[in-house]
file entry18.txt (compact mmCIF, C-alpha atoms)
# COMPACT_ATOMS: atom_id res chain seq x y z
CA MET Q 1 138.00 115.46 82.44
CA ALA Q 2 137.49 111.69 82.12
CA GLN Q 3 137.88 109.50 85.15
CA ARG Q 4 140.45 106.72 85.22
CA VAL Q 5 140.74 103.56 87.31
CA CYS Q 6 143.91 101.98 88.64
CA ILE Q 7 144.62 98.86 90.68
CA ALA Q 8 145.47 100.01 94.20
CA ASP Q 9 148.95 99.26 95.49
CA LEU Q 10 148.09 98.36 99.08
CA SER Q 11 151.79 98.08 99.95
CA ASP Q 12 152.15 101.84 99.32
CA PRO Q 13 151.42 103.80 102.54
CA ALA Q 14 150.57 106.94 100.57
CA MET Q 15 147.99 105.09 98.46
CA VAL Q 16 146.52 103.42 101.54
CA GLU Q 17 146.16 106.77 103.31
CA ARG Q 18 144.42 108.30 100.27
CA ILE Q 19 141.93 105.44 100.29
CA GLU Q 20 141.42 105.61 104.06
CA ALA Q 21 140.76 109.35 103.76
CA PHE Q 22 138.18 108.73 101.02
CA VAL Q 23 136.46 106.06 103.12
CA ARG Q 24 136.24 108.54 106.02
CA GLU Q 25 134.97 111.29 103.74
CA GLN Q 26 132.27 109.05 102.27
CA GLN Q 27 131.46 107.49 105.66
CA GLY Q 28 132.18 104.02 104.34
CA ASP Q 29 132.03 101.02 106.61
CA VAL Q 30 134.90 99.14 108.18
CA PHE Q 31 134.84 96.58 105.34
CA HIS Q 32 135.88 99.32 102.90
CA ARG Q 33 139.10 99.97 104.79
CA PRO Q 34 142.40 98.68 103.38
CA ALA Q 35 143.21 97.59 106.94
CA TRP Q 36 140.34 95.10 106.73
CA LEU Q 37 141.49 93.72 103.37
CA LYS Q 38 145.08 93.31 104.54
CA ALA Q 39 144.02 91.59 107.77
CA VAL Q 40 141.92 89.14 105.73
CA GLU Q 41 144.90 88.44 103.49
CA ALA Q 42 147.29 87.91 106.40
CA GLY Q 43 144.80 85.79 108.31
CA THR Q 44 143.45 83.59 105.53
CA GLY Q 45 145.81 83.83 102.56
CA GLN Q 46 143.10 85.30 100.30
CA ARG Q 47 144.77 88.17 98.43
CA ALA Q 48 143.76 91.78 99.06
CA CYS Q 49 143.08 93.92 96.00
CA GLY Q 50 141.08 96.98 95.07
CA MET Q 51 140.36 99.58 92.40
CA VAL Q 52 140.58 103.35 92.74
CA ALA Q 53 138.73 105.78 90.48
CA GLU Q 54 140.36 109.20 90.10
CA GLN Q 55 139.64 112.50 88.42
CA LEU Q 56 142.06 115.44 88.31
CA GLY Q 57 144.21 113.68 90.90
CA ALA Q 58 141.39 113.24 93.44
CA VAL Q 59 139.89 109.92 94.49
CA THR Q 60 136.28 109.66 93.30
CA GLY Q 61 135.59 105.98 93.94
CA TRP Q 62 136.94 102.87 95.63
CA LEU Q 63 136.11 99.20 95.29
CA PRO Q 64 137.76 96.97 97.92
CA LEU Q 65 138.24 93.38 96.79
CA THR Q 66 139.31 90.02 98.12
CA GLU Q 67 140.52 87.59 95.47
CA VAL Q 68 138.96 84.34 96.65
CA ARG Q 69 140.54 81.17 95.30
CA SER Q 70 139.25 77.81 96.46
CA VAL Q 71 139.48 74.26 95.21
CA LEU Q 72 136.13 73.52 96.85
CA PHE Q 73 134.21 76.71 96.09
CA GLY Q 74 135.86 78.16 93.02
CA LYS Q 75 137.09 81.68 92.38
CA ALA Q 76 135.41 85.05 92.87
CA LEU Q 77 136.18 88.70 93.49
CA VAL Q 78 134.37 89.61 96.71
CA SER Q 79 133.73 93.01 98.26
CA SER Q 80 134.52 92.60 100.96
CA GLY Q 81 135.91 89.22 101.88
CA PHE Q 82 134.73 87.89 105.27
CA GLY Q 83 132.68 91.05 105.74
CA VAL Q 84 128.97 91.77 105.61
CA GLY Q 85 129.42 95.07 103.78
CA GLY Q 86 131.67 96.70 101.24
CA GLY Q 87 130.78 97.19 97.61
CA ILE Q 88 131.34 100.24 95.45
CA LEU Q 89 132.00 103.46 97.36
CA ALA Q 90 131.80 106.48 95.05
CA ASN Q 91 130.98 110.18 95.11
CA GLY Q 92 128.84 109.92 92.01
CA ALA Q 93 127.24 107.67 89.42
CA ASP Q 94 130.05 108.12 86.88
CA ALA Q 95 132.70 106.83 89.26
CA ALA Q 96 130.51 103.92 90.30
CA ALA Q 97 129.85 102.95 86.68
CA ILE Q 98 133.49 103.01 85.63
CA LEU Q 99 134.46 100.88 88.64
CA ALA Q 100 131.75 98.34 87.76
CA ASP Q 101 132.90 98.17 84.14
CA THR Q 102 136.55 97.86 85.12
CA VAL Q 103 136.03 95.08 87.65
CA GLN Q 104 134.14 93.04 85.05
CA ASP Q 105 137.05 93.39 82.62
CA HIS Q 106 139.49 92.54 85.39
CA ALA Q 107 137.53 89.43 86.36
CA ILE Q 108 137.50 88.13 82.78
CA LYS Q 109 141.19 88.91 82.26
CA PHE Q 110 142.31 87.04 85.37
CA GLY Q 111 139.85 84.16 85.27
CA PHE Q 112 137.37 85.07 88.02
CA PRO Q 113 133.91 83.74 87.03
CA SER Q 114 132.01 86.19 89.23
CA VAL Q 115 132.12 89.40 91.25
CA GLU Q 116 130.13 89.69 94.49
CA LEU Q 117 129.29 93.05 96.08
CA ARG Q 118 127.93 93.25 99.61
CA GLY Q 119 126.15 96.56 99.76
CA GLY Q 120 126.87 99.84 98.05
CA MET Q 121 125.60 100.91 94.65
CA VAL Q 122 124.08 98.22 92.41
CA PRO Q 123 125.55 98.51 88.89
CA ASP Q 124 123.21 98.36 85.90
CA GLY Q 125 122.60 94.83 84.69
CA TRP Q 126 123.87 93.08 87.82
CA ARG Q 127 121.68 90.54 89.64
CA ALA Q 128 120.59 91.95 93.00
CA TRP Q 129 118.61 90.55 95.94
CA ASP Q 130 117.52 91.74 99.38
CA ASP Q 131 115.66 88.73 100.79
CA LYS Q 132 118.51 86.64 102.21
CA HIS Q 133 120.06 88.75 104.98
CA CYS Q 134 119.06 91.52 107.35
CA ASN Q 135 121.09 93.82 109.56
CA PHE Q 136 120.07 94.92 113.04
CA ALA Q 137 121.09 98.20 114.67
CA ARG Q 138 119.68 100.72 117.13
CA PRO Q 139 120.91 103.67 119.23
CA LEU Q 140 122.42 102.97 122.61
CA ALA Q 141 120.52 104.25 125.65
CA ALA Q 142 121.60 107.09 127.91
CA ASP Q 143 122.63 105.01 130.95
CA ASP Q 144 122.87 101.44 132.25
CA GLU Q 145 119.35 101.23 133.59
CA ALA Q 146 117.85 102.75 130.47
CA GLU Q 147 119.81 100.22 128.40
CA LEU Q 148 118.30 97.37 130.38
CA LEU Q 149 114.80 98.80 130.07
CA ALA Q 150 115.27 99.21 126.30
CA ILE Q 151 115.44 95.42 126.00
CA PRO Q 152 111.95 93.85 125.64
CA ARG Q 153 110.52 92.20 128.74
CA LYS Q 154 111.23 88.53 127.99
CA ALA Q 155 114.79 89.12 126.84
CA ARG Q 156 115.34 91.54 129.75
CA ALA Q 157 114.33 88.81 132.18
CA GLU Q 158 117.07 86.57 130.74
CA VAL Q 159 119.63 89.34 131.20
CA ARG Q 160 118.54 89.79 134.81
CA LYS Q 161 119.04 86.07 135.40
CA GLY Q 162 122.55 86.38 133.99
CA LEU Q 163 123.27 89.30 136.30
CA LYS Q 164 122.43 87.08 139.28
CA ASN Q 165 124.60 84.12 138.23
CA ASN Q 166 127.92 85.31 139.63
CA LEU Q 167 129.45 85.64 136.18
CA THR Q 168 132.69 87.50 135.50
CA VAL Q 169 133.15 90.05 132.71
CA ARG Q 170 136.59 90.52 131.17
CA ILE Q 171 137.57 92.86 128.36
CA GLY Q 172 140.97 92.74 126.70
CA ARG Q 173 143.13 92.10 123.65
CA SER Q 174 145.84 89.80 124.99
CA ALA Q 175 146.88 86.38 123.71
CA ASP Q 176 144.95 84.84 126.61
CA ASP Q 177 141.83 86.80 125.65
CA LEU Q 178 142.16 85.55 122.08
CA ALA Q 179 142.73 81.94 123.19
CA ASP Q 180 139.61 81.99 125.38
CA HIS Q 181 137.60 83.61 122.62
CA TYR Q 182 138.65 81.04 120.04
CA ALA Q 183 137.86 78.13 122.34
CA VAL Q 184 134.31 79.37 122.91
CA TYR Q 185 133.70 80.60 119.38
CA SER Q 186 134.92 77.41 117.73
CA GLU Q 187 132.59 75.30 119.88
CA SER Q 188 129.69 77.63 119.08
CA VAL Q 189 130.08 77.49 115.30
CA ARG Q 190 130.67 73.72 115.35
CA ASN Q 191 127.34 73.35 117.12
CA LEU Q 192 125.76 75.37 114.30
CA GLY Q 193 127.34 73.13 111.66
CA THR Q 194 129.80 75.75 110.38
CA PRO Q 195 133.58 75.38 109.92
CA VAL Q 196 135.46 77.75 112.21
CA PHE Q 197 137.59 80.51 110.74
CA PRO Q 198 141.36 80.36 111.26
CA LYS Q 199 142.50 81.77 114.58
CA SER Q 200 144.98 83.84 112.60
CA LEU Q 201 142.08 85.85 111.11
CA PHE Q 202 141.05 87.08 114.55
CA ARG Q 203 144.65 87.76 115.57
CA GLU Q 204 145.24 89.81 112.43
CA MET Q 205 142.02 91.80 112.94
CA LEU Q 206 143.07 92.73 116.47
CA GLY Q 207 146.43 93.82 115.09
CA ALA Q 208 144.89 95.79 112.22
CA PHE Q 209 142.55 97.75 114.53
CA PRO Q 210 144.59 98.21 117.72
CA GLU Q 211 142.52 101.12 119.02
CA THR Q 212 139.12 100.03 117.75
CA SER Q 213 138.71 96.36 118.58
CA ASP Q 214 138.52 94.20 121.69
CA ILE Q 215 137.26 90.94 123.15
CA LEU Q 216 134.60 90.77 125.85
CA ALA Q 217 134.26 87.42 127.61
CA ILE Q 218 131.87 86.07 130.24
CA SER Q 219 133.26 83.43 132.58
CA GLN Q 220 132.02 81.36 135.51
CA ASP Q 221 134.49 80.05 138.09
CA GLY Q 222 137.33 80.79 135.69
CA THR Q 223 135.80 78.96 132.71
CA PRO Q 224 134.91 81.09 129.65
CA LEU Q 225 131.27 80.58 128.63
CA ALA Q 226 130.71 83.27 126.01
CA SER Q 227 132.95 85.63 124.12
CA VAL Q 228 132.69 88.24 121.38
CA LEU Q 229 135.27 90.07 119.27
CA SER Q 230 133.94 93.54 118.49
CA LEU Q 231 134.95 96.36 116.17
CA TYR Q 232 134.23 100.06 116.70
CA HIS Q 233 133.63 102.22 113.61
CA ASN Q 234 131.77 105.45 112.81
CA GLY Q 235 130.30 105.68 116.30
CA ALA Q 236 128.97 102.12 116.34
CA VAL Q 237 130.06 98.97 118.14
CA MET Q 238 129.90 95.85 115.99
CA PRO Q 239 129.90 92.52 117.88
CA PHE Q 240 131.23 90.69 114.86
CA TRP Q 241 132.45 87.25 115.93
CA GLY Q 242 130.72 85.95 119.04
CA GLY Q 243 129.36 82.77 120.52
CA GLY Q 244 128.86 80.70 123.60
CA SER Q 245 129.46 77.17 124.80
CA PHE Q 246 126.65 74.77 125.61
CA ALA Q 247 127.03 75.72 129.28
CA ALA Q 248 126.42 79.38 128.40
CA ARG Q 249 122.73 78.69 127.84
CA GLY Q 250 121.86 77.77 131.40
CA ALA Q 251 123.98 80.58 132.82
CA ARG Q 252 122.48 83.16 130.42
CA ALA Q 253 126.04 84.12 129.53
CA ASN Q 254 125.20 85.14 125.96
CA GLU Q 255 122.48 87.51 127.10
CA LEU Q 256 124.74 89.06 129.72
CA MET Q 257 127.57 89.35 127.20
CA TYR Q 258 125.61 91.53 124.80
CA TYR Q 259 124.18 93.69 127.57
CA GLU Q 260 127.64 94.26 129.07
CA LEU Q 261 128.96 95.11 125.60
CA MET Q 262 126.26 97.75 125.25
CA LEU Q 263 127.39 99.34 128.51
CA HIS Q 264 131.06 99.11 127.58
CA ALA Q 265 130.48 100.59 124.12
CA ARG Q 266 128.65 103.60 125.49
CA LYS Q 267 131.60 104.28 127.81
CA GLN Q 268 133.85 104.17 124.72
CA GLY Q 269 131.80 106.95 123.16
CA MET Q 270 129.71 104.79 120.83
CA ALA Q 271 126.17 105.86 119.98
CA VAL Q 272 124.90 102.80 118.08
CA PHE Q 273 124.81 99.06 118.75
CA ASP Q 274 125.15 97.31 115.39
CA PHE Q 275 124.05 93.75 116.11
CA GLY Q 276 125.17 92.70 112.65
CA ARG Q 277 123.87 90.50 109.88
CA SER Q 278 121.70 87.40 110.17
CA LYS Q 279 120.05 85.18 107.61
CA THR Q 280 116.39 86.06 107.25
CA ASP Q 281 114.15 84.04 109.60
CA SER Q 282 117.13 82.16 111.10
CA GLY Q 283 117.62 81.55 114.83
CA PRO Q 284 119.97 84.55 115.25
CA PHE Q 285 117.50 86.68 113.25
CA LYS Q 286 114.74 85.85 115.74
CA PHE Q 287 117.08 86.31 118.71
CA LYS Q 288 117.88 89.87 117.63
CA LYS Q 289 114.22 90.69 117.00
CA ASN Q 290 113.45 89.46 120.51
CA TRP Q 291 115.95 92.03 121.76
CA GLY Q 292 113.92 94.79 120.14
CA PHE Q 293 116.01 95.29 117.01
CA GLU Q 294 114.21 95.83 113.71
CA PRO Q 295 115.49 93.90 110.68
CA GLN Q 296 116.88 96.02 107.86
CA PRO Q 297 117.14 94.05 104.57
CA LEU Q 298 120.60 94.05 103.02
CA THR Q 299 120.98 94.42 99.28
CA TYR Q 300 123.73 92.35 97.70
CA CYS Q 301 124.50 91.93 94.01
CA GLU Q 302 126.53 89.79 91.65
CA TRP Q 303 127.92 89.83 88.15
CA THR Q 304 128.71 86.56 86.42
CA ALA Q 305 130.92 86.22 83.35
CA PRO Q 306 129.21 84.92 80.19
CA GLY Q 307 128.89 81.14 80.28
CA GLU Q 308 129.89 80.88 83.93
CA THR Q 309 127.91 79.69 86.97
CA PRO Q 310 127.86 81.71 90.23
CA ARG Q 311 129.54 79.97 93.14
CA ASP Q 312 127.26 78.63 95.91
CA ILE Q 313 128.45 79.19 99.49
CA ASP Q 314 124.98 79.68 100.99
CA PRO Q 315 124.71 77.22 103.90
CA THR Q 316 120.91 77.34 103.71
CA SER Q 317 120.89 75.83 100.23
CA GLU Q 318 119.91 72.18 99.81
CA ALA Q 319 123.44 71.34 98.65
CA TYR Q 320 124.80 71.99 102.13
CA SER Q 321 122.04 70.78 104.49
CA ARG Q 322 123.43 67.24 104.92
CA LYS Q 323 126.99 68.52 105.29
CA ILE Q 324 125.90 70.90 108.04
CA ASP Q 325 124.16 68.11 109.94
CA ALA Q 326 127.27 65.95 109.66
CA TRP Q 327 129.56 68.78 110.80
CA LYS Q 328 127.52 69.29 113.97
CA ARG Q 329 128.40 65.72 115.01
CA LEU Q 330 132.16 66.08 114.55
CA PRO Q 331 134.31 65.96 117.69
CA LEU Q 332 135.46 69.49 118.46
CA PRO Q 333 139.23 68.80 118.03
CA ILE Q 334 138.62 67.41 114.53
CA ALA Q 335 136.30 70.29 113.60
CA ASN Q 336 138.93 72.79 114.79
CA MET Q 337 141.67 71.03 112.83
CA VAL Q 338 139.79 70.74 109.54
CA GLY Q 339 137.51 73.78 109.75
CA PRO Q 340 140.06 76.54 109.06
CA PHE Q 341 141.19 74.90 105.81
CA ILE Q 342 137.58 75.02 104.55
CA SER Q 343 136.45 78.35 106.01
CA ARG Q 344 139.36 80.37 104.66
CA SER Q 345 137.60 80.01 101.28
CA LEU Q 346 134.16 81.03 102.59
CA ALA Q 347 134.83 84.70 102.13
call {"tool": "encode", "arguments": {"input": "entry18.txt", "output": "structure tokens"}}
result
Amino acid sequence: MAQRVCIADLSDPAMVERIEAFVREQQGDVFHRPAWLKAVEAGTGQRACGMVAEQLGAVTGWLPLTEVRSVLFGKALVSSGFGVGGGILANGADAAAILADTVQDHAIKFGFPSVELRGGMVPDGWRAWDDKHCNFARPLAADDEAELLAIPRKARAEVRKGLKNNLTVRIGRSADDLADHYAVYSESVRNLGTPVFPKSLFREMLGAFPETSDILAISQDGTPLASVLSLYHNGAVMPFWGGGSFAARGARANELMYYELMLHARKQGMAVFDFGRSKTDSGPFKFKKNWGFEPQPLTYCEWTAPGETPRDIDPTSEAYSRKIDAWKRLPLPIANMVGPFISRSLA
């Protein structure tokens, strides 16, 4: 029997549960989950969408999509918006191929110049690359001391300094936890020259994953220095949005934060520490290598409609270098006021 593809109705609980069950069955990542798409939509205004392949009434494939619309950066269908993974999830080549063909037709019909897939199967004829980003993950150790010893000597010394600095660890999901996290995170990304995401995105993510997300913060004398919002999925902890203030450097708060998260995650039953994606040869890339994580190249791909130009949101491109330098010099209140209006399009 031929397979068919339909646009998923993500307002239908029965449809959502069928997709969630397929994601679990195929061991998809958190960015495949409808809960992720809907949190992105609620937090940024970028519409959640997706396509389901079926055969004889059973789901055979799923393509989660965020419909990105931006005056500054154009339009694109992205899988998955604001994630580092996603892409086509299918139980076979036939389902993957029909999803790829259908999303191209859908993009042309509704005026999206390109489709971007972050991971998953690469459809025939799509442009693919694996030299821009790497992921970093390794198993967690058996106990606290083993976890510390698993960190290479130089990085371990920094963690030990943090352990001696009378820093406080707090883990929670309250409005106060979110406020402290946003204050630290927004300063961190401003210092990197990046517009901060809307606070509503983080609030919606905590609401979408009530049992599998939290915020771990490191403070000194009541002042938050470093904070990370983490997700827990398929036995792995994912420190997804984290950063530290300028004062965090001297206190080694960032180093302590990640070590404490490793300990906390193991107590939550996690087996893997997924340190996440970094741009190849960037500062965070080198930081993670110094912690003993091996880079794993990520394969992304893109289809562009005939006669169209792919959108450019790569901050390492020459088009953005001057803008990044200028953003780093913005006063923090201005960066926090303007940043969310820009970043909600950087899906």
call {"tool": "residues_around", "arguments": {"input": "entry18.txt", "residues": "Leu201 of chain Q", "least_positions_apart": "5", "cutoff": "8 Å", "atoms": "only C-alpha atoms", "output": "number ranges by chain"}}
result
Q: 39-40, 42-44
call {"tool": "write_last_selection", "arguments": {"input": "entry18.txt", "atoms": "C-alpha atoms", "output": "PDB file, in the frame of the given file"}}
result
ATOM      1  CA  ALA Q  39     144.020  91.590 107.770  1.00  0.00           C
ATOM      2  CA  VAL Q  40     141.920  89.140 105.730  1.00  0.00           C
ATOM      3  CA  ALA Q  42     147.290  87.910 106.400  1.00  0.00           C
ATOM      4  CA  GLY Q  43     144.800  85.790 108.310  1.00  0.00           C
ATOM      5  CA  THR Q  44     143.450  83.590 105.530  1.00  0.00           C
TER       6      THR Q  44
END
call {"tool": "residues_around", "arguments": {"input": "entry18.txt", "residues": "Ser282 of chain Q", "least_positions_apart": "2", "cutoff": "12 Å", "atoms": "all atoms listed in the file", "output": "list of chain:residue names"}}
result
Q:Lys132, Q:His133, Q:Cys134, Q:Leu192, Q:Arg277, Q:Ser278, Q:Lys279, Q:Thr280, Q:Pro284, Q:Phe285, Q:Lys286, Q:Phe287, Q:Lys288, Q:Lys289, Q:Pro295, Q:Pro315, Q:Thr316
call {"tool": "atom_distance", "arguments": {"input": "entry18.txt", "atom1": "atom CA of Phe136 of chain Q", "atom2": "atom CA of Pro297 of chain Q"}}
result
9.0 Å
call {"tool": "atom_distance", "arguments": {"input": "entry18.txt", "atom1": "atom CA of Phe293 of chain Q", "atom2": "atom CA of Ala137 of chain Q"}}
result
6.3 Å
call {"tool": "residues_around", "arguments": {"input": "entry18.txt", "residues": "Leu89 of chain Q", "least_positions_apart": "4", "cutoff": "8 Å", "atoms": "all atoms listed in the file", "output": "PyMOL selection string"}}
result
chain Q and resi 23+26+28+32+61-63+96+120-121
call {"tool": "closest_atom_pairs", "arguments": {"input": "entry18.txt", "of": "segment 114-142 of chain Q", "to": "segment 227-242 of chain Q", "cutoff": "10 Å", "atoms": "all atoms listed in the file", "output": "Markdown table"}}
result
| residue | atom | partner | partner_atom | distance |
| --- | --- | --- | --- | --- |
| Q:Ala137 | CA | Q:Ala236 | CA | 9.0 |
| Q:Arg138 | CA | Q:Ala236 | CA | 9.4 |
| Q:Pro139 | CA | Q:Ala236 | CA | 8.7 |
| Q:Leu140 | CA | Q:Ala236 | CA | 9.1 |
call {"tool": "closest_residue", "arguments": {"input": "entry18.txt", "among": "Q:Gly83, Q:Gly57, Q:Pro198, Q:Pro64", "to": "Ile7 of chain Q", "atoms": "all atoms listed in the file"}}
result
Q:Pro64
call {"tool": "closest_residue", "arguments": {"input": "entry18.txt", "among": "Q:Trp126, Q:Phe82, Q:Phe246, Q:Tyr259", "to": "Ala157 of chain Q", "atoms": "all atoms listed in the file"}}
result
Q:Tyr259
call {"tool": "residues_around", "arguments": {"input": "entry18.txt", "residues": "segment 101-105 of chain Q", "least_positions_apart": "3", "cutoff": "9 Å", "atoms": "all atoms listed in the file", "output": "PyMOL selection string"}}
result
chain Q and resi 5+51+63+77+96-98+108-110+114-115+123+303-305
call {"tool": "decode", "arguments": {"input": "entry18.txt", "residues": "segment 168-184 of chain Q", "atoms": "N, CA, C and O atoms", "output": "PDB file, in the first residue's frame"}}
result
ATOM      1  N   THR Q 168      27.273  28.764  46.137  1.00  0.00           N
ATOM      2  CA  THR Q 168      26.025  28.088  46.467  1.00  0.00           C
ATOM      3  C   THR Q 168      25.394  27.515  45.203  1.00  0.00           C
ATOM      4  O   THR Q 168      25.334  28.186  44.167  1.00  0.00           O
ATOM      5  N   VAL Q 169      24.924  26.279  45.300  1.00  0.00           N
ATOM      6  CA  VAL Q 169      24.245  25.612  44.191  1.00  0.00           C
ATOM      7  C   VAL Q 169      22.747  25.572  44.479  1.00  0.00           C
ATOM      8  O   VAL Q 169      22.325  25.169  45.560  1.00  0.00           O
ATOM      9  N   ARG Q 170      21.959  26.009  43.500  1.00  0.00           N
ATOM     10  CA  ARG Q 170      20.501  25.957  43.651  1.00  0.00           C
ATOM     11  C   ARG Q 170      19.886  25.371  42.387  1.00  0.00           C
ATOM     12  O   ARG Q 170      20.258  25.752  41.278  1.00  0.00           O
ATOM     13  N   ILE Q 171      18.955  24.455  42.585  1.00  0.00           N
ATOM     14  CA  ILE Q 171      18.274  23.816  41.464  1.00  0.00           C
ATOM     15  C   ILE Q 171      16.772  24.000  41.644  1.00  0.00           C
ATOM     16  O   ILE Q 171      16.230  23.722  42.716  1.00  0.00           O
ATOM     17  N   GLY Q 172      16.104  24.497  40.601  1.00  0.00           N
ATOM     18  CA  GLY Q 172      14.670  24.712  40.726  1.00  0.00           C
ATOM     19  C   GLY Q 172      14.030  25.061  39.403  1.00  0.00           C
ATOM     20  O   GLY Q 172      14.672  25.052  38.346  1.00  0.00           O
ATOM     21  N   ARG Q 173      12.725  25.405  39.482  1.00  0.00           N
ATOM     22  CA  ARG Q 173      11.959  25.734  38.285  1.00  0.00           C
ATOM     23  C   ARG Q 173      11.005  26.904  38.542  1.00  0.00           C
ATOM     24  O   ARG Q 173      10.073  27.134  37.780  1.00  0.00           O
ATOM     25  N   SER Q 174      11.231  27.626  39.615  1.00  0.00           N
ATOM     26  CA  SER Q 174      10.323  28.696  40.013  1.00  0.00           C
ATOM     27  C   SER Q 174      10.535  29.950  39.164  1.00  0.00           C
ATOM     28  O   SER Q 174      11.495  30.055  38.391  1.00  0.00           O
ATOM     29  N   ALA Q 175       9.635  30.928  39.351  1.00  0.00           N
ATOM     30  CA  ALA Q 175       9.783  32.212  38.662  1.00  0.00           C
ATOM     31  C   ALA Q 175      11.081  32.896  39.063  1.00  0.00           C
ATOM     32  O   ALA Q 175      11.732  33.557  38.233  1.00  0.00           O
ATOM     33  N   ASP Q 176      11.476  32.756  40.325  1.00  0.00           N
ATOM     34  CA  ASP Q 176      12.746  33.342  40.778  1.00  0.00           C
ATOM     35  C   ASP Q 176      13.931  32.667  40.108  1.00  0.00           C
ATOM     36  O   ASP Q 176      14.916  33.333  39.735  1.00  0.00           O
ATOM     37  N   ASP Q 177      13.857  31.342  39.964  1.00  0.00           N
ATOM     38  CA  ASP Q 177      14.938  30.618  39.276  1.00  0.00           C
ATOM     39  C   ASP Q 177      15.068  31.102  37.832  1.00  0.00           C
ATOM     40  O   ASP Q 177      16.176  31.316  37.330  1.00  0.00           O
ATOM     41  N   LEU Q 178      13.918  31.296  37.177  1.00  0.00           N
ATOM     42  CA  LEU Q 178      13.936  31.753  35.790  1.00  0.00           C
ATOM     43  C   LEU Q 178      14.472  33.180  35.692  1.00  0.00           C
ATOM     44  O   LEU Q 178      15.242  33.501  34.776  1.00  0.00           O
ATOM     45  N   ALA Q 179      14.073  34.037  36.629  1.00  0.00           N
ATOM     46  CA  ALA Q 179      14.541  35.429  36.603  1.00  0.00           C
ATOM     47  C   ALA Q 179      16.054  35.489  36.770  1.00  0.00           C
ATOM     48  O   ALA Q 179      16.746  36.240  36.055  1.00  0.00           O
ATOM     49  N   ASP Q 180      16.589  34.719  37.708  1.00  0.00           N
ATOM     50  CA  ASP Q 180      18.042  34.705  37.917  1.00  0.00           C
ATOM     51  C   ASP Q 180      18.756  34.146  36.687  1.00  0.00           C
ATOM     52  O   ASP Q 180      19.808  34.654  36.274  1.00  0.00           O
ATOM     53  N   HIS Q 181      18.179  33.096  36.119  1.00  0.00           N
ATOM     54  CA  HIS Q 181      18.788  32.503  34.929  1.00  0.00           C
ATOM     55  C   HIS Q 181      18.837  33.513  33.789  1.00  0.00           C
ATOM     56  O   HIS Q 181      19.873  33.668  33.124  1.00  0.00           O
ATOM     57  N   TYR Q 182      17.745  34.215  33.563  1.00  0.00           N
ATOM     58  CA  TYR Q 182      17.689  35.141  32.438  1.00  0.00           C
ATOM     59  C   TYR Q 182      18.658  36.304  32.623  1.00  0.00           C
ATOM     60  O   TYR Q 182      19.276  36.767  31.656  1.00  0.00           O
ATOM     61  N   ALA Q 183      18.802  36.756  33.851  1.00  0.00           N
ATOM     62  CA  ALA Q 183      19.729  37.855  34.112  1.00  0.00           C
ATOM     63  C   ALA Q 183      21.161  37.457  33.759  1.00  0.00           C
ATOM     64  O   ALA Q 183      21.893  38.222  33.108  1.00  0.00           O
ATOM     65  N   VAL Q 184      21.553  36.257  34.160  1.00  0.00           N
ATOM     66  CA  VAL Q 184      22.911  35.785  33.892  1.00  0.00           C
ATOM     67  C   VAL Q 184      23.086  35.437  32.417  1.00  0.00           C
ATOM     68  O   VAL Q 184      24.076  35.817  31.777  1.00  0.00           O
TER      69      VAL Q 184
END
